[in-house]
$ cat upload00.cif   # mmCIF, C-alpha atoms
data_model
#
loop_
_atom_site.label_atom_id
_atom_site.label_comp_id
_atom_site.auth_asym_id
_atom_site.auth_seq_id
_atom_site.Cartn_x
_atom_site.Cartn_y
_atom_site.Cartn_z
CA MET A 1 0.00 0.00 0.00
CA VAL A 2 1.33 3.45 -0.91
CA LYS A 3 0.18 6.70 0.71
CA HIS A 4 1.21 10.32 0.24
CA ILE A 5 1.55 12.63 3.22
CA THR A 6 0.42 16.21 2.74
CA GLN A 7 0.04 19.10 5.17
CA GLU A 8 -3.65 19.17 4.24
CA LYS A 9 -4.10 15.58 5.43
CA ILE A 10 -2.19 16.36 8.63
CA ASN A 11 -4.45 19.37 9.25
CA LEU A 12 -7.54 17.23 8.64
CA TYR A 13 -6.23 14.54 10.96
CA ALA A 14 -5.69 17.17 13.68
CA GLU A 15 -9.31 18.27 13.33
CA ALA A 16 -10.64 14.70 13.35
CA SER A 17 -8.50 13.56 16.28
CA GLY A 18 -8.41 16.75 18.33
CA ASP A 19 -4.60 16.64 18.46
CA PHE A 20 -3.53 20.20 17.63
CA ASN A 21 0.07 19.99 18.83
CA PRO A 22 1.92 22.74 16.88
CA ILE A 23 4.65 20.31 15.82
CA HIS A 24 2.06 18.95 13.36
CA LEU A 25 0.47 22.21 12.29
CA ASP A 26 2.61 25.29 12.81
CA GLU A 27 5.37 25.38 10.19
CA SER A 28 7.17 28.40 11.65
CA PHE A 29 7.18 26.87 15.16
CA ALA A 30 8.17 23.40 13.88
CA ALA A 31 11.07 24.92 11.92
CA THR A 32 12.63 26.13 15.19
CA THR A 33 12.56 22.66 16.80
CA PRO A 34 15.11 19.84 16.35
CA LEU A 35 12.61 18.21 13.96
CA GLY A 36 13.06 21.12 11.54
CA GLY A 37 9.50 21.17 10.23
CA THR A 38 6.02 19.81 10.69
CA ILE A 39 5.53 16.07 11.02
CA ALA A 40 2.53 13.78 10.60
CA HIS A 41 0.82 12.40 13.68
CA GLY A 42 2.15 8.93 14.48
CA MET A 43 -1.41 7.66 14.56
CA LEU A 44 -1.97 8.90 11.01
CA ASN A 45 0.88 6.66 9.85
CA LEU A 46 -0.51 3.81 11.93
CA ALA A 47 -3.96 4.26 10.35
CA TYR A 48 -2.40 3.16 7.05
CA VAL A 49 -1.13 -0.01 8.70
CA SER A 50 -4.63 -0.68 10.04
CA GLU A 51 -6.09 -0.13 6.56
CA MET A 52 -3.68 -2.69 5.13
CA MET A 53 -4.64 -5.16 7.88
CA THR A 54 -8.33 -4.55 7.19
CA SER A 55 -7.77 -5.25 3.49
CA ALA A 56 -6.12 -8.55 4.37
CA PHE A 57 -8.26 -9.79 7.27
CA GLY A 58 -11.50 -7.77 7.23
CA ARG A 59 -13.60 -7.84 10.38
CA SER A 60 -11.28 -10.24 12.21
CA TRP A 61 -8.80 -7.41 12.37
CA LEU A 62 -11.32 -4.70 13.19
CA SER A 63 -12.98 -6.52 16.07
CA GLU A 64 -10.26 -8.78 17.47
CA GLY A 65 -6.87 -7.51 16.31
CA LYS A 66 -3.86 -6.78 18.47
CA LEU A 67 -1.04 -4.44 17.52
CA ARG A 68 2.30 -3.31 18.87
CA ALA A 69 4.04 -0.47 17.01
CA LYS A 70 7.18 1.62 17.36
CA PHE A 71 7.43 5.02 15.73
CA LYS A 72 11.02 5.21 14.51
CA GLU A 73 11.20 8.36 12.36
CA PRO A 74 8.69 11.12 11.63
CA ALA A 75 6.79 11.25 8.35
CA ARG A 76 6.73 14.71 6.80
CA PRO A 77 4.58 16.55 4.27
CA GLY A 78 5.70 15.46 0.79
CA ASP A 79 6.69 11.97 1.93
CA THR A 80 5.47 8.88 0.11
CA LEU A 81 4.95 5.99 2.50
CA THR A 82 4.99 2.34 1.50
CA ILE A 83 3.36 -0.04 3.97
CA ASN A 84 4.22 -3.73 3.85
CA GLY A 85 3.18 -6.66 5.99
CA LYS A 86 3.75 -10.41 6.13
CA ILE A 87 2.43 -13.39 8.05
CA ASN A 88 5.30 -14.83 10.07
CA CYS A 89 3.45 -17.84 11.47
CA VAL A 90 0.03 -19.24 12.32
CA GLU A 91 -0.42 -20.60 15.84
CA GLN A 92 -3.15 -22.75 17.36
CA LYS A 93 -4.38 -21.98 20.88
CA ASP A 94 -7.45 -23.73 22.30
CA ASP A 95 -8.75 -24.72 18.83
CA VAL A 96 -8.36 -21.16 17.55
CA SER A 97 -5.87 -20.11 14.85
CA TYR A 98 -3.97 -16.84 15.18
CA ALA A 99 -1.84 -15.19 12.52
CA ASN A 100 1.30 -13.49 13.80
CA CYS A 101 2.28 -10.75 11.37
CA SER A 102 4.92 -8.07 11.13
CA PHE A 103 4.67 -4.77 9.30
CA GLU A 104 6.79 -1.84 8.31
CA CYS A 105 6.12 1.59 6.94
CA LEU A 106 8.96 3.15 4.95
CA ASN A 107 9.37 6.55 3.34
CA GLN A 108 10.65 7.19 -0.20
CA LYS A 109 14.25 7.19 1.10
CA GLY A 110 13.80 3.72 2.59
CA GLU A 111 13.81 5.10 6.15
CA MET A 112 11.75 3.14 8.66
CA ILE A 113 8.83 5.27 9.87
CA VAL A 114 6.83 2.68 11.81
CA THR A 115 7.50 -0.98 12.54
CA GLY A 116 5.66 -3.55 14.59
CA GLU A 117 3.69 -6.76 14.97
CA THR A 118 0.05 -7.73 14.90
CA ILE A 119 -1.94 -10.78 15.97
CA ILE A 120 -5.23 -11.68 14.30
CA LYS A 121 -7.71 -14.40 15.20
CA LEU A 122 -8.32 -16.42 12.04
CA SER A 123 -10.84 -19.07 12.95
CA SER A 124 -12.06 -21.47 15.57
CA ASP A 125 -12.34 -25.18 14.81
CA LYS A 126 -15.48 -25.18 16.96
CA GLU A 127 -17.15 -22.42 14.92
CA MET B 1 -11.94 17.75 24.68
CA PRO B 2 -11.19 17.11 28.35
CA VAL B 3 -10.35 20.04 30.58
CA LYS B 4 -6.65 20.32 31.44
CA THR B 5 -6.74 20.14 35.21
CA ILE B 6 -3.28 18.83 35.99
CA SER B 7 0.24 19.75 35.01
CA TYR B 8 2.80 17.29 33.74
CA GLU B 9 4.83 17.65 36.95
CA GLU B 10 1.83 16.52 39.01
CA LEU B 11 1.33 13.29 37.07
CA ILE B 12 2.39 10.21 39.02
CA PRO B 13 2.06 6.49 38.23
CA GLY B 14 -1.40 5.30 39.26
CA TYR B 15 -3.05 8.66 38.54
CA GLU B 16 -6.36 8.27 36.70
CA PHE B 17 -7.77 11.08 34.59
CA PRO B 18 -11.47 11.90 34.69
CA PRO B 19 -13.16 9.86 31.90
CA ALA B 20 -13.50 11.66 28.56
CA THR B 21 -16.61 11.13 26.41
CA TYR B 22 -16.76 11.37 22.61
CA GLU B 23 -19.56 11.00 20.13
CA LEU B 24 -18.28 9.20 17.03
CA SER B 25 -20.54 11.20 14.75
CA ALA B 26 -20.87 10.75 10.98
CA SER B 27 -19.08 14.08 10.42
CA LEU B 28 -16.17 13.11 12.70
CA VAL B 29 -15.79 9.71 10.99
CA SER B 30 -16.05 11.34 7.55
CA LYS B 31 -13.33 13.85 8.46
CA TYR B 32 -11.16 11.03 9.82
CA LEU B 33 -11.60 8.94 6.65
CA ARG B 34 -10.63 11.90 4.46
CA ALA B 35 -7.54 12.50 6.60
CA VAL B 36 -6.40 8.88 6.38
CA ASP B 37 -7.33 8.64 2.71
CA SER B 38 -9.68 5.69 3.21
CA ALA B 39 -13.13 4.79 1.90
CA GLY B 40 -14.49 3.27 5.12
CA ASP B 41 -16.97 0.43 5.47
CA GLY B 42 -19.86 1.77 7.51
CA PHE B 43 -18.22 1.22 10.88
CA VAL B 44 -16.04 3.50 12.95
CA PRO B 45 -12.41 2.69 12.07
CA PRO B 46 -10.79 1.37 15.28
CA LEU B 47 -7.93 3.81 14.92
CA ALA B 48 -10.39 6.70 14.84
CA ILE B 49 -11.43 5.51 18.30
CA THR B 50 -7.77 5.29 19.32
CA ALA B 51 -7.22 8.81 17.99
CA CYS B 52 -9.92 10.08 20.36
CA ALA B 53 -8.30 8.20 23.24
CA ILE B 54 -4.86 9.62 22.38
CA ALA B 55 -6.28 13.13 22.14
CA ALA B 56 -7.99 12.62 25.49
CA MET B 57 -4.68 11.48 26.96
CA THR B 58 -2.48 14.25 25.62
CA GLY B 59 -5.18 16.86 26.18
CA SER B 60 -5.66 15.92 29.82
CA PHE B 61 -2.56 17.55 31.19
CA SER B 62 -0.85 20.84 30.54
CA LEU B 63 2.71 21.23 29.33
CA PRO B 64 4.96 24.26 29.23
CA SER B 65 4.34 26.28 26.06
CA GLY B 66 6.38 25.06 23.10
CA THR B 67 6.88 21.52 24.44
CA ILE B 68 7.04 18.90 21.69
CA VAL B 69 5.12 15.67 22.31
CA ILE B 70 6.47 12.69 20.36
CA HIS B 71 4.51 9.47 20.10
CA ALA B 72 7.17 6.79 20.61
CA SER B 73 5.21 3.53 20.68
CA GLN B 74 1.69 2.17 20.78
CA GLU B 75 0.03 -1.07 21.82
CA LEU B 76 -3.60 -1.75 20.95
CA GLU B 77 -6.19 -4.47 21.34
CA PHE B 78 -9.59 -4.30 19.63
CA PHE B 79 -12.64 -6.00 21.14
CA LYS B 80 -15.63 -4.90 19.10
CA LEU B 81 -16.72 -2.93 16.06
CA LEU B 82 -18.78 0.20 16.63
CA PRO B 83 -21.46 1.68 14.39
CA ILE B 84 -21.19 5.35 13.46
CA GLY B 85 -22.98 7.57 16.00
CA THR B 86 -21.83 5.59 19.04
CA THR B 87 -20.72 7.44 22.16
CA ILE B 88 -17.55 6.20 23.81
CA GLU B 89 -15.92 6.78 27.16
CA CYS B 90 -12.11 6.85 27.47
CA HIS B 91 -10.54 5.85 30.77
CA ILE B 92 -6.89 6.81 31.04
CA GLY B 93 -4.25 6.25 33.67
CA VAL B 94 -0.55 6.89 34.14
CA ALA B 95 1.39 3.62 34.14
CA GLN B 96 4.95 4.94 34.28
CA LYS B 97 6.87 8.18 34.22
CA ILE B 98 10.55 7.97 33.31
CA THR B 99 13.25 10.61 32.98
CA ARG B 100 16.38 9.75 31.04
CA GLY B 101 18.79 12.63 30.61
CA LYS B 102 17.01 15.34 28.65
CA MET B 103 14.11 13.06 27.70
CA SER B 104 10.98 12.44 29.76
CA MET B 105 8.82 9.42 28.90
CA LEU B 106 5.23 8.98 29.94
CA ILE B 107 3.51 5.61 29.59
CA LEU B 108 -0.26 5.91 29.59
CA GLU B 109 -2.79 3.09 29.61
CA PHE B 110 -6.31 3.48 28.32
CA GLU B 111 -9.52 1.59 27.97
CA VAL B 112 -12.41 2.60 25.73
CA LEU B 113 -15.96 1.56 26.67
CA ASP B 114 -19.22 1.93 24.80
CA LYS B 115 -22.48 3.18 26.33
CA GLY B 116 -23.27 -0.30 27.65
CA LYS B 117 -19.88 -0.27 29.44
CA GLU B 118 -18.58 -3.02 27.14
CA LYS B 119 -14.88 -2.85 26.36
CA VAL B 120 -14.24 -1.61 22.81
CA GLN B 121 -10.46 -1.37 22.87
CA SER B 122 -7.55 -1.02 25.22
CA GLY B 123 -4.04 0.22 24.73
CA ARG B 124 -0.82 1.59 26.03
CA ALA B 125 0.94 4.62 24.59
CA THR B 126 4.48 5.81 25.23
CA ILE B 127 5.02 9.49 24.65
CA ALA B 128 8.36 11.23 24.76
CA LEU B 129 8.84 14.82 25.82
CA PRO B 130 12.28 16.18 24.95
CA THR B 131 13.23 18.92 27.42
#

$ encode --input "upload00.cif" --output "structure tokens"
Amino acid sequence: MVKHITQEKINLYAEASGDFNPIHLDESFAATTPLGGTIAHGMLNLAYVSEMMTSAFGRSWLSEGKLRAKFKEPARPGDTLTINGKINCVEQKDDVSYANCSFECLNQKGEMIVTGETIIKLSSDKE
Amino acid sequence: MPVKTISYEELIPGYEFPPATYELSASLVSKYLRAVDSAGDGFVPPLAITACAIAAMTGSFSLPSGTIVIHASQELEFFKLLPIGTTIECHIGVAQKITRGKMSMLILEFEVLDKGKEKVQSGRATIALPT
């Protein structure tokens, strides 16, 4: 999955989430910080991961998914993010199958923006 | 948005914020979907719910002007899908507060309930505050 980060999307995300921290919105303030400019909300980047998981697993992900993510580098306006995921293994616990997956979100320079793991319930033999 | 009643210095592990309530209205979900560039499927995206919880967390305490808040890591568990229009309640507590050199780290735990007090999602967020 490929997504483009724009300041407009960041501004919209701030309105939808209620997170108006100036590091996301105020270019003149952000330029004076060590980050050097505005950055996307970490949860905006993670929303793309969730969308990828929804495409792959549908409602199993939405209603019973588990996620652990680390935000490694900020995504900035103008960045193009590529989100990849893979199933590492499928485990059985009490007649239920769980997929253990890993994911990564990289920018156009190949820098890691977000990385992490997810667990999704696949099926129950009793169902 | 919750009212900022406590300063960062006053936060201690075990502190619980007053619950924050959000209505996941059609307009809020629509705005969220446009921001994340997604079509949606008639339900509230779980990360839109998380976004409310995160905003409730970071909006619940006051920081010195100009402080940068960096989201360092996130754990999440989803328990149920919610239809658009649902009202949720976010319960947030301080799990840990760590200072390492010029970096302060705050680990917050949250639980989101629906109107029937059923658990919708839970999570743990680590936020870093460079000083």

$ resolve_selection --input "upload00.cif" --expression "the PyMOL selection byres ((chain A) within 9 of (chain B))" --output "ChimeraX atom specification"
/A:3,8-23,29,33,41-48,50-51,59,61-72

$ resolve_selection --input "upload00.cif" --expression "the PyMOL selection byres ((chain A and resi 100) around 8)" --output "VMD selection string"
chain A and resid 87 to 91 98 to 99 101 to 102 117 to 120

$ closest_atom_pairs --input "upload00.cif" --of "region 15-53 of chain B" --to "region 7-10 of chain B" --cutoff "12 Å" --atoms "all atoms listed in the file" --output "JSON lines"
{"residue": "B:Tyr15", "atom": "CA", "partner": "B:Glu10", "partner_atom": "CA", "distance": 9.3}
{"residue": "B:Glu16", "atom": "CA", "partner": "B:Glu10", "partner_atom": "CA", "distance": 11.9}
{"residue": "B:Phe17", "atom": "CA", "partner": "B:Ser7", "partner_atom": "CA", "distance": 11.8}

$ atom_distance --input "upload00.cif" --atom1 "CA of Thr86 (chain B)" --atom2 "CA of Glu109 (chain B)"
21.9 Å

$ resolve_selection --input "upload00.cif" --expression "the PyMOL selection byres ((chain A and resi 73-76) around 6)" --output "PDB file with C-alpha atoms, in the coordinates of the input"
ATOM      1  CA  ILE A  39       5.530  16.070  11.020  1.00  0.00           C
ATOM      2  CA  ALA A  40       2.530  13.780  10.600  1.00  0.00           C
ATOM      3  CA  LYS A  72      11.020   5.210  14.510  1.00  0.00           C
ATOM      4  CA  PRO A  77       4.580  16.550   4.270  1.00  0.00           C
ATOM      5  CA  ASP A  79       6.690  11.970   1.930  1.00  0.00           C
ATOM      6  CA  ILE A 113       8.830   5.270   9.870  1.00  0.00           C
TER       7      ILE A 113
END

$ axis_aligned_box --input "upload00.cif" --around "region 101-111 of chain A" --padding-each-side "5 Å" --output "AutoDock Vina command-line options"
--center_x 8.3 --center_y -1.8 --center_z 5.6 --size_x 22.0 --size_y 27.9 --size_z 21.6

$ residues_around --input "upload00.cif" --residues "Ile88 (chain B)" --least-positions-apart "6" --cutoff "6 Å" --atoms "only C-alpha atoms" --output "number ranges by chain"
B: 21-22, 113-114

$ closest_residue --input "upload00.cif" --among "B:Lys115, B:Gly14, B:Ile127, B:Ala20" --to "Gly85 (chain B)" --atoms "only C-alpha atoms"
B:Lys115

$ atom_distance --input "upload00.cif" --atom1 "CA of Asn107 (chain A)" --atom2 "CA of Ile5 (chain A)"
9.9 Å

$ atom_distance --input "upload00.cif" --atom1 "CA of Met105 (chain B)" --atom2 "CA of Ser28 (chain A)"
25.7 Å
